[in-house]
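A short write-up of the structure that comes next.
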Amino acid sequence: MPSESRRSGQRHTVPLWLRVESVLRHKIATGEYRAGECLQGELKLAAMFNVSRVTVREALRSLAQDGFVQRIQGKGTFVTAGPHTRIEHAVLTSFVGNASFNEAFPGSGPAPNYRSPRCRHVQIDTVTPPVEIQELLETAPPTLLRLRRVLVDDYGPFAYVLDYMSHEIGKSLRVEDLSVGWLTQLLNRRLNQTIAEAAQTIETRLADAELAEYLEIQIGAPLLHASRVYRDISGRPIYVAKVWNRADRFRYTATYYFSNVEGRSRGNGTSV
């Protein structure tokens, strides 16, 4: 984990309870915490945000006043149904062409701007998959492999990445592999998994305590969250990537072609 000294050295210009409240409010508004779901208890939330129980209690009180949660004595704090529950987002879909570098398929070809990954906090774990990941992978195994890493450059961390895949696909991957090549390359070249496309949805998020630590930002700082499903040539899901990009270090550009001669789009996302 990032050092305690760095965290304590951050300047906090917004009250901690309001930072915690903003993150919880955003998770509810985007559907990460769903209507009827019971939130973790005050002690667990305090540990998750690394704040006092009094701070968490003040955040929950504010959420209850605004109708985001209902606190029931002896039972817990529940997300309420109503105007703040998630709505379906309009999604703009584009097709990624033969780009020499793009954020979904980095290093897809030789180019002057090709770069190898630089990572921190690389870890491979066996986890029980969240329901969302099971739905995206179109399967329901008891466990999956989860690959975690923080992407960095000369200016520090810019993205926190979690990848989910089956044990069968990822069994040959090692921690050191993720520091010398991009996952798309590793799967294509070494494991004989032909990745044909990646469907991506990008949404805004706010940094919770863990993301703030890894990305060296403040709790509640804006992030761009990308959820991608990588598929093979038959359309079968290979793995799911969840990426949290620092909003101050990410730019997305896309070029769309409307000609009958070349009906494709090229897009790339770059850290800045």
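Chain labels run A, B, ... following the order of the structure tokens; each chain numbers its residues from 1, and ligands are numbered from 1 in the order shown.
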- Item | Who sits within 8 Å of range 76-80 of chain A, only C-alpha atoms, same chain under 4 positions skipped, as a list of chain:residue names | A:Ile28, A:Tyr33, A:Arg34, A:Ala35, A:Gly36, A:Glu37, A:Cys38, A:Leu39, A:Gln40, A:Gly41, A:Gly67, A:Phe68, A:Val69, A:Gln70, A:Arg71, A:Ile72, A:Thr85
Restricted to N, CA and C atoms, what would the selected residues look like written as a PDB file, in the first residue's frame?
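File produced: again_18.pdb:
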```pdb
ATOM      1  N   ILE A  28     -24.118   5.449  -4.872  1.00  0.00           N
ATOM      2  CA  ILE A  28     -25.564   5.195  -4.881  1.00  0.00           C
ATOM      3  C   ILE A  28     -26.189   5.711  -6.177  1.00  0.00           C
ATOM      4  N   TYR A  33     -24.061   0.968  -5.427  1.00  0.00           N
ATOM      5  CA  TYR A  33     -24.847   0.523  -4.280  1.00  0.00           C
ATOM      6  C   TYR A  33     -26.312   0.613  -4.714  1.00  0.00           C
ATOM      7  N   ARG A  34     -27.010  -0.491  -4.677  1.00  0.00           N
ATOM      8  CA  ARG A  34     -28.354  -0.547  -5.257  1.00  0.00           C
ATOM      9  C   ARG A  34     -29.446  -0.359  -4.212  1.00  0.00           C
ATOM     10  N   ALA A  35     -30.623   0.046  -4.699  1.00  0.00           N
ATOM     11  CA  ALA A  35     -31.761   0.264  -3.819  1.00  0.00           C
ATOM     12  C   ALA A  35     -32.075  -0.999  -3.032  1.00  0.00           C
ATOM     13  N   GLY A  36     -32.258  -0.839  -1.725  1.00  0.00           N
ATOM     14  CA  GLY A  36     -32.554  -1.964  -0.846  1.00  0.00           C
ATOM     15  C   GLY A  36     -31.327  -2.616  -0.238  1.00  0.00           C
ATOM     16  N   GLU A  37     -30.150  -2.265  -0.751  1.00  0.00           N
ATOM     17  CA  GLU A  37     -28.907  -2.863  -0.252  1.00  0.00           C
ATOM     18  C   GLU A  37     -28.534  -2.255   1.089  1.00  0.00           C
ATOM     19  N   CYS A  38     -28.053  -3.100   2.000  1.00  0.00           N
ATOM     20  CA  CYS A  38     -27.596  -2.637   3.302  1.00  0.00           C
ATOM     21  C   CYS A  38     -26.114  -2.280   3.207  1.00  0.00           C
ATOM     22  N   LEU A  39     -25.789  -1.054   3.575  1.00  0.00           N
ATOM     23  CA  LEU A  39     -24.397  -0.629   3.557  1.00  0.00           C
ATOM     24  C   LEU A  39     -23.622  -1.306   4.684  1.00  0.00           C
ATOM     25  N   GLN A  40     -22.308  -1.290   4.560  1.00  0.00           N
ATOM     26  CA  GLN A  40     -21.466  -1.794   5.629  1.00  0.00           C
ATOM     27  C   GLN A  40     -21.677  -0.955   6.888  1.00  0.00           C
ATOM     28  N   GLY A  41     -21.384  -1.546   8.031  1.00  0.00           N
ATOM     29  CA  GLY A  41     -21.552  -0.844   9.290  1.00  0.00           C
ATOM     30  C   GLY A  41     -20.578   0.309   9.436  1.00  0.00           C
ATOM     31  N   GLY A  67     -32.321  11.774   1.485  1.00  0.00           N
ATOM     32  CA  GLY A  67     -33.132  10.686   0.954  1.00  0.00           C
ATOM     33  C   GLY A  67     -32.372   9.596   0.228  1.00  0.00           C
ATOM     34  N   PHE A  68     -31.056   9.558   0.369  1.00  0.00           N
ATOM     35  CA  PHE A  68     -30.277   8.525  -0.296  1.00  0.00           C
ATOM     36  C   PHE A  68     -30.292   7.211   0.495  1.00  0.00           C
ATOM     37  N   VAL A  69     -30.357   7.312   1.813  1.00  0.00           N
ATOM     38  CA  VAL A  69     -30.358   6.117   2.653  1.00  0.00           C
ATOM     39  C   VAL A  69     -31.405   6.264   3.745  1.00  0.00           C
ATOM     40  N   GLN A  70     -31.747   5.110   4.333  1.00  0.00           N
ATOM     41  CA  GLN A  70     -32.629   5.092   5.499  1.00  0.00           C
ATOM     42  C   GLN A  70     -31.928   4.302   6.591  1.00  0.00           C
ATOM     43  N   ARG A  71     -31.825   4.895   7.758  1.00  0.00           N
ATOM     44  CA  ARG A  71     -31.147   4.259   8.872  1.00  0.00           C
ATOM     45  C   ARG A  71     -32.179   3.633   9.798  1.00  0.00           C
ATOM     46  N   ILE A  72     -32.107   2.330   9.997  1.00  0.00           N
ATOM     47  CA  ILE A  72     -33.056   1.591  10.827  1.00  0.00           C
ATOM     48  C   ILE A  72     -32.295   1.051  12.034  1.00  0.00           C
ATOM     49  N   THR A  85     -31.904   6.606  -7.594  1.00  0.00           N
ATOM     50  CA  THR A  85     -31.438   5.309  -8.056  1.00  0.00           C
ATOM     51  C   THR A  85     -30.952   5.417  -9.492  1.00  0.00           C
TER      52      THR A  85
END
```
- All residues 8 Å or closer to range 58-63 of chain A, only C-alpha atoms, same chain fewer than 5 positions away omitted, as a VMD selection string: chain A and resid 17 to 18 20 to 21 25 68 to 69
Residues just named, written with N, CA and C atoms as an mmCIF file, in the first residue's frame:
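Once written, selection.cif looks like this:
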```
data_model
loop_
_atom_site.group_PDB
_atom_site.id
_atom_site.type_symbol
_atom_site.label_atom_id
_atom_site.label_comp_id
_atom_site.auth_asym_id
_atom_site.auth_seq_id
_atom_site.Cartn_x
_atom_site.Cartn_y
_atom_site.Cartn_z
ATOM 1 N N TRP A 17 -15.900 14.372 6.450
ATOM 2 C CA TRP A 17 -17.223 13.767 6.374
ATOM 3 C C TRP A 17 -17.873 14.062 5.029
ATOM 4 N N LEU A 18 -17.606 15.249 4.470
ATOM 5 C CA LEU A 18 -18.200 15.607 3.183
ATOM 6 C C LEU A 18 -17.543 14.826 2.051
ATOM 7 N N VAL A 20 -16.337 11.748 2.368
ATOM 8 C CA VAL A 20 -16.917 10.407 2.485
ATOM 9 C C VAL A 20 -18.352 10.404 1.954
ATOM 10 N N GLU A 21 -19.117 11.424 2.330
ATOM 11 C CA GLU A 21 -20.503 11.524 1.875
ATOM 12 C C GLU A 21 -20.587 11.616 0.360
ATOM 13 N N ARG A 25 -22.490 8.964 -1.919
ATOM 14 C CA ARG A 25 -23.593 9.498 -2.724
ATOM 15 C C ARG A 25 -23.418 9.112 -4.199
ATOM 16 N N PHE A 68 -31.056 9.558 0.369
ATOM 17 C CA PHE A 68 -30.277 8.525 -0.296
ATOM 18 C C PHE A 68 -30.292 7.211 0.495
ATOM 19 N N VAL A 69 -30.357 7.312 1.813
ATOM 20 C CA VAL A 69 -30.358 6.117 2.653
ATOM 21 C C VAL A 69 -31.405 6.264 3.745
#
```
- Query: Pick the closest to Trp244 in chain A from A:Tyr214, A:Trp182, A:Tyr160, A:Phe49: which is it, counting only C-alpha atoms?
  - Reply: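 Smallest separation from Trp244 in chain A among the options: A:Tyr160.
The interatomic distance for the pair CA of Gly170 in chain A and CA of Leu223 in chain A works out to 27.9 Å.
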- Task: Please give the complete set of residues from range 32-227 of chain A that DSSP, run on the backbone, assigns to helix (DSSP H, G or I), formatted as a PyMOL selection string.
- Result: chain A and resi 42-49+53-65+131-137+167-170+175-179+183-190+209-215
- Go through A:Asp208, A:Glu203, A:Glu42, A:Asp66 and flag the residue nearest Thr30 in chain A, using only C-alpha atoms for the distances.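 Among the listed residues, the smallest separation from Thr30 in chain A belongs to A:Glu203.
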- Residue neighbourhood Gln134 in chain A, 10 Å, only C-alpha atoms, exclusion window fewer than 4 positions, as a list in words: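 Listed by chain and then number, they are Thr128, Pro129, Pro130, Glu138, Thr139, Ala140, Pro141, Pro142, Thr143, Leu144, Tyr164, Met165 and Val240 of chain A.
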